[in-house]
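File shown here: model.cif, holding mmCIF, C-alpha atoms.
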data_target
loop_
_atom_site.group_PDB
_atom_site.id
_atom_site.type_symbol
_atom_site.label_atom_id
_atom_site.label_comp_id
_atom_site.auth_asym_id
_atom_site.auth_seq_id
_atom_site.Cartn_x
_atom_site.Cartn_y
_atom_site.Cartn_z
ATOM 1 C CA MET A 1 0.008 -93.426 137.291
ATOM 2 C CA ARG A 2 -1.747 -94.924 134.280
ATOM 3 C CA PHE A 3 -0.712 -91.918 132.196
ATOM 4 C CA LEU A 4 2.924 -92.322 133.285
ATOM 5 C CA ARG A 5 2.883 -96.026 132.400
ATOM 6 C CA ARG A 6 1.603 -95.164 128.935
ATOM 7 C CA VAL A 7 4.305 -92.528 128.508
ATOM 8 C CA HIS A 8 6.926 -95.014 129.676
ATOM 9 C CA ALA A 9 5.733 -97.581 127.134
ATOM 10 C CA GLU A 10 6.279 -95.082 124.299
ATOM 11 C CA TRP A 11 9.582 -93.887 125.740
ATOM 12 C CA LEU A 12 10.964 -97.456 125.714
ATOM 13 C CA LEU A 13 11.028 -97.300 121.907
ATOM 14 C CA ILE A 14 14.254 -95.325 122.240
ATOM 15 C CA LEU A 15 16.359 -98.437 122.839
ATOM 16 C CA PRO A 16 15.582 -100.335 119.616
ATOM 17 C CA ARG A 17 15.690 -97.058 117.717
ATOM 18 C CA LEU A 18 19.265 -96.416 118.857
ATOM 19 C CA THR A 19 20.480 -99.971 118.321
ATOM 20 C CA ARG A 20 18.564 -101.116 115.239
ATOM 21 C CA THR A 21 18.483 -97.957 113.134
ATOM 22 C CA ARG A 22 21.064 -95.456 111.968
ATOM 23 C CA LEU A 23 20.089 -92.913 114.619
ATOM 24 C CA GLY A 24 23.008 -93.781 116.897
ATOM 25 C CA VAL A 25 25.489 -93.531 114.024
ATOM 26 C CA ALA A 26 23.947 -90.239 112.861
ATOM 27 C CA LEU A 27 24.219 -88.721 116.344
ATOM 28 C CA LEU A 28 27.810 -89.911 116.677
ATOM 29 C CA GLY A 29 28.660 -88.364 113.312
ATOM 30 C CA LEU A 30 26.977 -85.108 114.291
ATOM 31 C CA GLY A 31 28.936 -84.999 117.535
ATOM 32 C CA ILE A 32 32.240 -85.589 115.771
ATOM 33 C CA LEU A 33 31.428 -82.875 113.230
ATOM 34 C CA LEU A 34 30.563 -80.356 115.938
ATOM 35 C CA LEU A 35 33.765 -81.102 117.850
ATOM 36 C CA TRP A 36 35.762 -80.656 114.644
ATOM 37 C CA LEU A 37 34.031 -77.328 113.982
ATOM 38 C CA CYS A 38 34.796 -76.289 117.551
ATOM 39 C CA SER A 39 38.476 -76.981 116.922
ATOM 40 C CA ARG A 40 38.170 -74.671 113.889
ATOM 41 C CA GLY A 41 36.616 -71.789 115.816
ATOM 42 C CA LEU A 42 32.962 -72.605 116.581
ATOM 43 C CA ASP A 43 32.279 -71.382 120.109
ATOM 44 C CA PRO A 44 31.358 -73.968 122.798
ATOM 45 C CA LEU A 45 27.889 -72.515 123.366
ATOM 46 C CA ALA A 46 27.072 -72.899 119.678
ATOM 47 C CA VAL A 47 28.286 -76.517 119.885
ATOM 48 C CA ALA A 48 25.849 -77.224 122.732
ATOM 49 C CA LEU A 49 22.929 -75.487 121.003
ATOM 50 C CA HIS A 50 23.489 -77.218 117.678
ATOM 51 C CA ALA A 51 23.976 -80.578 119.375
ATOM 52 C CA GLY A 52 20.607 -80.163 121.078
ATOM 53 C CA ALA A 53 18.636 -78.793 118.143
ATOM 54 C CA LEU A 54 20.109 -80.914 115.353
ATOM 55 C CA GLY A 55 20.171 -84.018 117.520
ATOM 56 C CA ALA A 56 16.489 -83.483 118.297
ATOM 57 C CA VAL A 57 15.611 -83.113 114.607
ATOM 58 C CA LEU A 58 17.402 -86.393 113.898
ATOM 59 C CA GLY A 59 15.591 -88.036 116.794
ATOM 60 C CA ALA A 60 12.237 -86.798 115.535
ATOM 61 C CA ALA A 61 12.993 -88.057 112.039
ATOM 62 C CA TYR A 62 13.652 -91.548 113.363
ATOM 63 C CA ALA A 63 10.688 -91.385 115.765
ATOM 64 C CA VAL A 64 7.816 -90.766 113.368
ATOM 65 C CA ALA A 65 9.006 -89.993 109.844
ATOM 66 C CA GLY A 66 9.711 -93.531 108.613
ATOM 67 C CA GLU A 67 7.109 -96.002 107.371
ATOM 68 C CA THR A 68 7.996 -98.474 110.144
ATOM 69 C CA ASP A 69 7.506 -95.810 112.790
ATOM 70 C CA ARG A 70 4.169 -94.806 111.324
ATOM 71 C CA ALA A 71 3.118 -98.461 111.345
ATOM 72 C CA ALA A 72 4.167 -98.724 114.997
ATOM 73 C CA LEU A 73 2.117 -95.608 115.735
ATOM 74 C CA GLY A 74 -0.887 -97.247 114.131
ATOM 75 C CA VAL A 75 -0.447 -100.275 116.390
ATOM 76 C CA ALA A 76 -0.070 -98.022 119.456
ATOM 77 C CA LEU A 77 -3.353 -96.311 118.608
ATOM 78 C CA THR A 78 -5.170 -99.660 118.971
ATOM 79 C CA HIS A 79 -4.019 -99.935 122.599
ATOM 80 C CA PRO A 80 -5.795 -98.351 125.587
ATOM 81 C CA THR A 81 -3.735 -95.170 125.580
ATOM 82 C CA THR A 82 -4.228 -91.480 124.826
ATOM 83 C CA PRO A 83 -2.779 -89.170 122.164
ATOM 84 C CA LEU A 84 -1.200 -87.026 124.879
ATOM 85 C CA ALA A 85 0.576 -90.037 126.399
ATOM 86 C CA ILE A 86 1.894 -91.110 123.005
ATOM 87 C CA ALA A 87 3.015 -87.571 122.195
ATOM 88 C CA THR A 88 4.726 -87.119 125.563
ATOM 89 C CA GLY A 89 6.510 -90.471 125.351
ATOM 90 C CA ARG A 90 7.713 -89.906 121.813
ATOM 91 C CA CYS A 91 8.876 -86.387 122.622
ATOM 92 C CA LEU A 92 10.910 -87.768 125.523
ATOM 93 C CA ALA A 93 12.338 -90.444 123.240
ATOM 94 C CA THR A 94 13.246 -87.706 120.752
ATOM 95 C CA VAL A 95 14.843 -85.343 123.252
ATOM 96 C CA LEU A 96 16.795 -87.818 125.411
ATOM 97 C CA PRO A 97 19.358 -88.876 122.750
ATOM 98 C CA ALA A 98 19.889 -85.211 121.870
ATOM 99 C CA THR A 99 20.374 -84.439 125.563
ATOM 100 C CA CYS A 100 23.033 -87.134 125.802
ATOM 101 C CA LEU A 101 24.758 -85.611 122.766
ATOM 102 C CA VAL A 102 24.649 -82.157 124.387
ATOM 103 C CA LEU A 103 26.223 -83.469 127.584
ATOM 104 C CA ALA A 104 28.903 -85.422 125.727
ATOM 105 C CA THR A 105 29.931 -82.524 123.486
ATOM 106 C CA THR A 106 29.829 -80.041 126.354
ATOM 107 C CA VAL A 107 32.163 -82.228 128.389
ATOM 108 C CA ALA A 108 34.448 -82.640 125.382
ATOM 109 C CA VAL A 109 34.825 -78.895 124.773
ATOM 110 C CA GLY A 110 35.041 -77.894 128.444
ATOM 111 C CA TRP A 111 32.088 -78.323 130.775
ATOM 112 C CA GLN A 112 29.914 -75.306 131.488
ATOM 113 C CA ALA A 113 26.559 -75.907 133.128
ATOM 114 C CA GLY A 114 24.940 -72.922 131.411
ATOM 115 C CA HIS A 115 25.921 -74.227 127.981
ATOM 116 C CA ALA A 116 24.537 -77.672 128.795
ATOM 117 C CA ALA A 117 21.246 -76.180 130.036
ATOM 118 C CA ALA A 118 20.905 -74.102 126.871
ATOM 119 C CA GLY A 119 21.507 -77.154 124.693
ATOM 120 C CA VAL A 120 19.017 -79.320 126.580
ATOM 121 C CA LEU A 121 16.262 -76.699 126.454
ATOM 122 C CA ALA A 122 16.948 -76.123 122.761
ATOM 123 C CA ALA A 123 16.587 -79.878 122.225
ATOM 124 C CA ALA A 124 13.249 -79.889 124.068
ATOM 125 C CA ALA A 125 11.821 -76.919 122.161
ATOM 126 C CA VAL A 126 13.051 -77.948 118.722
ATOM 127 C CA GLY A 127 12.442 -81.669 119.188
ATOM 128 C CA SER A 128 8.792 -81.446 120.219
ATOM 129 C CA CYS A 129 7.997 -79.038 117.369
ATOM 130 C CA ALA A 130 9.937 -81.144 114.865
ATOM 131 C CA LEU A 131 7.942 -84.196 115.932
ATOM 132 C CA ALA A 132 4.667 -82.403 115.221
ATOM 133 C CA ALA A 133 5.955 -81.144 111.861
ATOM 134 C CA MET A 134 7.039 -84.610 110.755
ATOM 135 C CA LEU A 135 3.757 -86.161 111.785
ATOM 136 C CA ALA A 136 2.054 -83.528 109.639
ATOM 137 C CA PHE A 137 4.343 -83.558 106.599
ATOM 138 C CA GLY A 138 6.295 -86.827 106.846
ATOM 139 C CA ASN A 139 10.003 -87.264 106.243
ATOM 140 C CA THR A 140 9.994 -84.440 103.678
ATOM 141 C CA ALA A 141 10.129 -82.019 106.630
ATOM 142 C CA ALA A 142 13.312 -83.512 108.101
ATOM 143 C CA VAL A 143 15.909 -82.038 105.744
ATOM 144 C CA PRO A 144 14.476 -78.470 105.674
ATOM 145 C CA LEU A 145 14.210 -78.422 109.472
ATOM 146 C CA PHE A 146 17.756 -79.717 109.876
ATOM 147 C CA LEU A 147 19.176 -77.183 107.429
ATOM 148 C CA PHE A 148 17.166 -74.340 108.965
ATOM 149 C CA MET A 149 18.475 -75.080 112.459
ATOM 150 C CA ALA A 150 22.016 -75.626 111.206
ATOM 151 C CA GLY A 151 22.083 -72.318 109.349
ATOM 152 C CA ALA A 152 19.442 -69.642 109.703
ATOM 153 C CA GLY A 153 18.277 -70.761 113.148
ATOM 154 C CA ALA A 154 21.307 -69.223 114.831
ATOM 155 C CA ILE A 155 20.972 -65.842 113.072
ATOM 156 C CA PRO A 156 19.102 -62.990 114.816
ATOM 157 C CA PRO A 157 16.070 -61.858 112.774
ATOM 158 C CA GLU A 158 17.363 -58.296 112.377
ATOM 159 C CA HIS A 159 20.354 -59.688 110.487
ATOM 160 C CA VAL A 160 18.058 -61.686 108.204
ATOM 161 C CA VAL A 161 16.169 -58.510 107.338
ATOM 162 C CA ASP A 162 19.442 -56.960 106.201
ATOM 163 C CA PHE A 163 20.374 -59.541 103.586
ATOM 164 C CA VAL A 164 17.382 -61.725 102.623
ATOM 165 C CA HIS A 165 15.363 -60.618 99.588
ATOM 166 C CA PRO A 166 12.689 -60.175 98.316
ATOM 167 C CA GLY A 167 10.592 -58.431 100.927
ATOM 168 C CA VAL A 168 7.926 -61.071 101.621
ATOM 169 C CA ILE A 169 10.503 -63.817 102.125
ATOM 170 C CA ARG A 170 12.580 -61.488 104.279
ATOM 171 C CA VAL A 171 9.685 -60.707 106.606
ATOM 172 C CA ALA A 172 8.529 -64.344 106.773
ATOM 173 C CA ALA A 173 12.014 -65.611 107.627
ATOM 174 C CA ALA A 174 12.560 -62.907 110.227
ATOM 175 C CA SER A 175 9.150 -63.598 111.789
ATOM 176 C CA ALA A 176 9.872 -67.324 112.021
ATOM 177 C CA LEU A 177 13.167 -66.615 113.751
ATOM 178 C CA GLU A 178 11.609 -64.063 116.083
ATOM 179 C CA LEU A 179 8.621 -66.132 117.194
ATOM 180 C CA GLY A 180 9.628 -69.748 116.731
ATOM 181 C CA PRO A 181 12.183 -72.000 118.442
ATOM 182 C CA ALA A 182 15.471 -70.653 117.078
ATOM 183 C CA LEU A 183 18.964 -70.995 118.481
ATOM 184 C CA TRP A 184 19.712 -67.293 118.676
ATOM 185 C CA HIS A 185 16.957 -67.058 121.318
ATOM 186 C CA TYR A 186 18.542 -69.723 123.462
ATOM 187 C CA ARG A 187 22.065 -68.369 123.704
ATOM 188 C CA ASP A 188 20.816 -66.226 126.598
ATOM 189 C CA ILE A 189 19.803 -69.327 128.573
ATOM 190 C CA ALA A 190 23.476 -69.857 129.373
ATOM 191 C CA ALA A 191 23.412 -66.535 131.248
ATOM 192 C CA GLY A 192 20.206 -67.443 133.101
ATOM 193 C CA ASP A 193 17.844 -65.212 131.107
ATOM 194 C CA LEU A 194 14.292 -66.029 132.244
ATOM 195 C CA GLY A 195 12.743 -64.808 129.003
ATOM 196 C CA ALA A 196 14.796 -67.242 126.927
ATOM 197 C CA ILE A 197 14.099 -70.090 129.352
ATOM 198 C CA THR A 198 10.370 -69.353 129.256
ATOM 199 C CA HIS A 199 10.422 -69.223 125.457
ATOM 200 C CA ALA A 200 12.049 -72.667 125.239
ATOM 201 C CA VAL A 201 9.768 -74.258 127.833
ATOM 202 C CA ALA A 202 6.676 -72.763 126.177
ATOM 203 C CA TRP A 203 7.625 -74.115 122.752
ATOM 204 C CA ALA A 204 8.463 -77.514 124.241
ATOM 205 C CA GLY A 205 4.987 -77.680 125.790
ATOM 206 C CA LEU A 206 3.283 -76.368 122.670
ATOM 207 C CA GLY A 207 5.148 -78.938 120.590
ATOM 208 C CA VAL A 208 3.824 -81.758 122.793
ATOM 209 C CA LEU A 209 0.265 -80.431 122.411
ATOM 210 C CA LEU A 210 0.640 -80.116 118.631
ATOM 211 C CA THR A 211 2.065 -83.631 118.452
ATOM 212 C CA SER A 212 -0.870 -84.880 120.530
ATOM 213 C CA ALA A 213 -3.283 -83.226 118.106
ATOM 214 C CA MET A 214 -1.536 -84.869 115.148
ATOM 215 C CA VAL A 215 -1.661 -88.266 116.885
ATOM 216 C CA ALA A 216 -5.381 -87.771 117.547
ATOM 217 C CA ARG A 217 -5.887 -87.043 113.862
ATOM 218 C CA GLN A 218 -3.954 -90.198 112.970
ATOM 219 C CA ARG A 219 -6.230 -92.141 115.338
ATOM 220 C CA ALA A 220 -9.319 -90.745 113.595
ATOM 221 C CA VAL A 221 -7.926 -91.763 110.205
ATOM 222 C CA PHE A 222 -6.904 -95.182 111.504
ATOM 223 C CA HIS A 223 -10.372 -95.938 112.867
ATOM 224 C CA SER A 224 -12.284 -94.532 109.911
#
Show me this structure written as structure tokens.
Amino acid sequence: MRFLRRVHAEWLLILPRLTRTRLGVALLGLGILLLWLCSRGLDPLAVALHAGALGAVLGAAYAVAGETDRAALGVALTHPTTPLAIATGRCLATVLPATCLVLATTVAVGWQAGHAAAGVLAAAAVGSCALAAMLAFGNTAAVPLFLFMAGAGAIPPEHVVDFVHPGVIRVAAASALELGPALWHYRDIAAGDLGAITHAVAWAGLGVLLTSAMVARQRAVFHS
């Protein structure tokens, strides 16, 4: 119960983040853009996946990338809590707004439960990993992650091998798409593919553990 209370305390940061920062406006703009692209031919499943992944990257950027958020993390580390509780709470606060965006856009384009599930799991996998990346590299990681998920993340790795040069970059990009949380993996979630579901859940859990490790490192620096 103590662990859950600590997670809840971190999760509550979502409310001021939505109302006192530009996160709410950014998510609204993203949703409008995706609906416009859908009216121009983007398929509804891609709308759900991009809403989840891109919304999660935005949530992660506003959760830990700013100086104010890092200061708040420093204060949290002085409280009787654990890195895992902080990581879990912040991952929930990152994923929940993206989940709401997935549900809203899925309803707007024609509700399909499989599409919504794919978008939510994509948000969980991408959001937890994005949180760890931004704790490690700061806000400089936000734009590359957003652009990667918006573009290359939806492309199967065998297609990348066909047109990306030179060879080392081609193999690295294809490997990242094959192994990491990428949207082409998660299209199969809509059809109930257990492999794709397992991949998303595994990356979501790994992202929480990586975020916890980064928070622990921040605690060591803070107390040194």
- Task: Could you tell me how far CA of Gly205 (chain A) lies from CA of Val107 (chain A), in Å and to one decimal?
- Result: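 CA of Val107 (chain A) lies 27.7 Å from CA of Gly205 (chain A).
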A:Ala202, A:Leu194, A:Ala130, A:Ala122 ranked by distance to Phe146 (chain A), top pick (using all atoms listed in the file) =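 Closest to Phe146 (chain A) of all the choices is A:Ala130.
Residues lying at most 12 Å from (11.2, -71.1, 130.6) in file coordinates, with only C-alpha atoms considered, are Ala117, Ala118, Leu121, Ala122, Ala124, Ala125, His185, Tyr186, Asp188, Ile189, Gly192, Asp193, Leu194, Gly195, Ala196, Ile197, Thr198, His199, Ala200, Val201, Ala202, Trp203, Ala204 and Gly205 of chain A.
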- Message: Suppose a student applies the PyMOL selection byres ((chain A and resi 138-140) around 10) to this structure; what residues should they get, written as a list in words?
- Response: Ala60, Ala61, Tyr62, Val64, Ala65, Gly66, Glu67, Arg70, Leu131, Ala132, Ala133, Met134, Leu135, Ala136, Phe137, Ala141, Ala142, Val143, Pro144 and Leu145 of chain A
So, with all atoms listed in the file as the atoms that count, which of A:Val95, A:Ala104, A:Leu54, A:Val47 lies closest to Arg187 (chain A)?
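Smallest distance to Arg187 (chain A) is found for A:Val47.
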Region 90-102 of chain A dumped to file, all heavy atoms, as a JSON list (two decimals), in the first residue's frame:
[["chain", "number", "residue", "atom", "x", "y", "z"],
["A", 90, "ARG", "N", 5.45, 8.47, -12.69],
["A", 90, "ARG", "CA", 5.68, 9.39, -13.82],
["A", 90, "ARG", "C", 5.35, 8.72, -15.16],
["A", 90, "ARG", "O", 4.92, 9.39, -16.09],
["A", 90, "ARG", "CB", 7.11, 9.90, -13.80],
["A", 90, "ARG", "CG", 7.40, 10.72, -12.55],
["A", 90, "ARG", "CD", 8.17, 11.96, -12.83],
["A", 90, "ARG", "NE", 8.24, 12.79, -11.63],
["A", 90, "ARG", "CZ", 8.72, 14.02, -11.62],
["A", 90, "ARG", "NH1", 9.15, 14.57, -12.74],
["A", 90, "ARG", "NH2", 8.74, 14.72, -10.51],
["A", 91, "CYS", "N", 5.58, 7.41, -15.24],
["A", 91, "CYS", "CA", 5.19, 6.71, -16.47],
["A", 91, "CYS", "C", 3.68, 6.72, -16.63],
["A", 91, "CYS", "O", 3.17, 6.93, -17.73],
["A", 91, "CYS", "CB", 5.73, 5.28, -16.45],
["A", 91, "CYS", "SG", 7.50, 5.16, -16.80],
["A", 92, "LEU", "N", 2.95, 6.51, -15.54],
["A", 92, "LEU", "CA", 1.49, 6.59, -15.61],
["A", 92, "LEU", "C", 1.03, 7.98, -16.01],
["A", 92, "LEU", "O", 0.11, 8.14, -16.83],
["A", 92, "LEU", "CB", 0.89, 6.19, -14.27],
["A", 92, "LEU", "CG", 0.94, 4.71, -13.90],
["A", 92, "LEU", "CD1", 0.43, 4.51, -12.48],
["A", 92, "LEU", "CD2", 0.10, 3.89, -14.88],
["A", 93, "ALA", "N", 1.68, 9.00, -15.44],
["A", 93, "ALA", "CA", 1.33, 10.37, -15.78],
["A", 93, "ALA", "C", 1.68, 10.71, -17.22],
["A", 93, "ALA", "O", 1.07, 11.60, -17.82],
["A", 93, "ALA", "CB", 2.04, 11.34, -14.83],
["A", 94, "THR", "N", 2.64, 10.01, -17.79],
["A", 94, "THR", "CA", 3.01, 10.21, -19.19],
["A", 94, "THR", "C", 2.03, 9.51, -20.13],
["A", 94, "THR", "O", 1.63, 10.07, -21.15],
["A", 94, "THR", "CB", 4.43, 9.66, -19.43],
["A", 94, "THR", "OG1", 5.37, 10.43, -18.68],
["A", 94, "THR", "CG2", 4.81, 9.71, -20.91],
["A", 95, "VAL", "N", 1.63, 8.31, -19.75],
["A", 95, "VAL", "CA", 0.82, 7.47, -20.64],
["A", 95, "VAL", "C", -0.66, 7.86, -20.60],
["A", 95, "VAL", "O", -1.35, 7.77, -21.63],
["A", 95, "VAL", "CB", 1.00, 5.99, -20.28],
["A", 95, "VAL", "CG1", 0.03, 5.10, -21.03],
["A", 95, "VAL", "CG2", 2.44, 5.56, -20.56],
["A", 96, "LEU", "N", -1.17, 8.30, -19.45],
["A", 96, "LEU", "CA", -2.61, 8.56, -19.34],
["A", 96, "LEU", "C", -3.11, 9.64, -20.31],
["A", 96, "LEU", "O", -4.13, 9.43, -20.98],
["A", 96, "LEU", "CB", -2.97, 8.93, -17.91],
["A", 96, "LEU", "CG", -4.46, 9.12, -17.66],
["A", 96, "LEU", "CD1", -5.25, 7.86, -18.00],
["A", 96, "LEU", "CD2", -4.72, 9.53, -16.21],
["A", 97, "PRO", "N", -2.43, 10.80, -20.45],
["A", 97, "PRO", "CA", -2.92, 11.78, -21.43],
["A", 97, "PRO", "C", -2.89, 11.22, -22.85],
["A", 97, "PRO", "O", -3.81, 11.50, -23.65],
["A", 97, "PRO", "CB", -1.95, 12.95, -21.28],
["A", 97, "PRO", "CG", -1.39, 12.81, -19.91],
["A", 97, "PRO", "CD", -1.31, 11.34, -19.66],
["A", 98, "ALA", "N", -1.86, 10.44, -23.18],
["A", 98, "ALA", "CA", -1.80, 9.83, -24.51],
["A", 98, "ALA", "C", -2.94, 8.84, -24.70],
["A", 98, "ALA", "O", -3.51, 8.74, -25.79],
["A", 98, "ALA", "CB", -0.45, 9.15, -24.71],
["A", 99, "THR", "N", -3.28, 8.10, -23.65],
["A", 99, "THR", "CA", -4.40, 7.17, -23.71],
["A", 99, "THR", "C", -5.70, 7.90, -23.99],
["A", 99, "THR", "O", -6.52, 7.46, -24.80],
["A", 99, "THR", "CB", -4.49, 6.37, -22.40],
["A", 99, "THR", "OG1", -3.31, 5.58, -22.24],
["A", 99, "THR", "CG2", -5.71, 5.46, -22.40],
["A", 100, "CYS", "N", -5.90, 9.01, -23.31],
["A", 100, "CYS", "CA", -7.11, 9.82, -23.55],
["A", 100, "CYS", "C", -7.15, 10.30, -25.00],
["A", 100, "CYS", "O", -8.22, 10.33, -25.63],
["A", 100, "CYS", "CB", -7.15, 11.00, -22.59],
["A", 100, "CYS", "SG", -7.37, 10.55, -20.87],
["A", 101, "LEU", "N", -5.99, 10.69, -25.54],
["A", 101, "LEU", "CA", -5.94, 11.12, -26.94],
["A", 101, "LEU", "C", -6.27, 9.97, -27.87],
["A", 101, "LEU", "O", -6.99, 10.15, -28.86],
["A", 101, "LEU", "CB", -4.55, 11.69, -27.25],
["A", 101, "LEU", "CG", -4.34, 12.22, -28.67],
["A", 101, "LEU", "CD1", -5.29, 13.39, -28.95],
["A", 101, "LEU", "CD2", -2.89, 12.65, -28.88],
["A", 102, "VAL", "N", -5.76, 8.78, -27.58],
["A", 102, "VAL", "CA", -6.07, 7.60, -28.39],
["A", 102, "VAL", "C", -7.58, 7.35, -28.40],
["A", 102, "VAL", "O", -8.18, 7.14, -29.46],
["A", 102, "VAL", "CB", -5.33, 6.36, -27.85],
["A", 102, "VAL", "CG1", -5.86, 5.09, -28.52],
["A", 102, "VAL", "CG2", -3.84, 6.48, -28.09]]
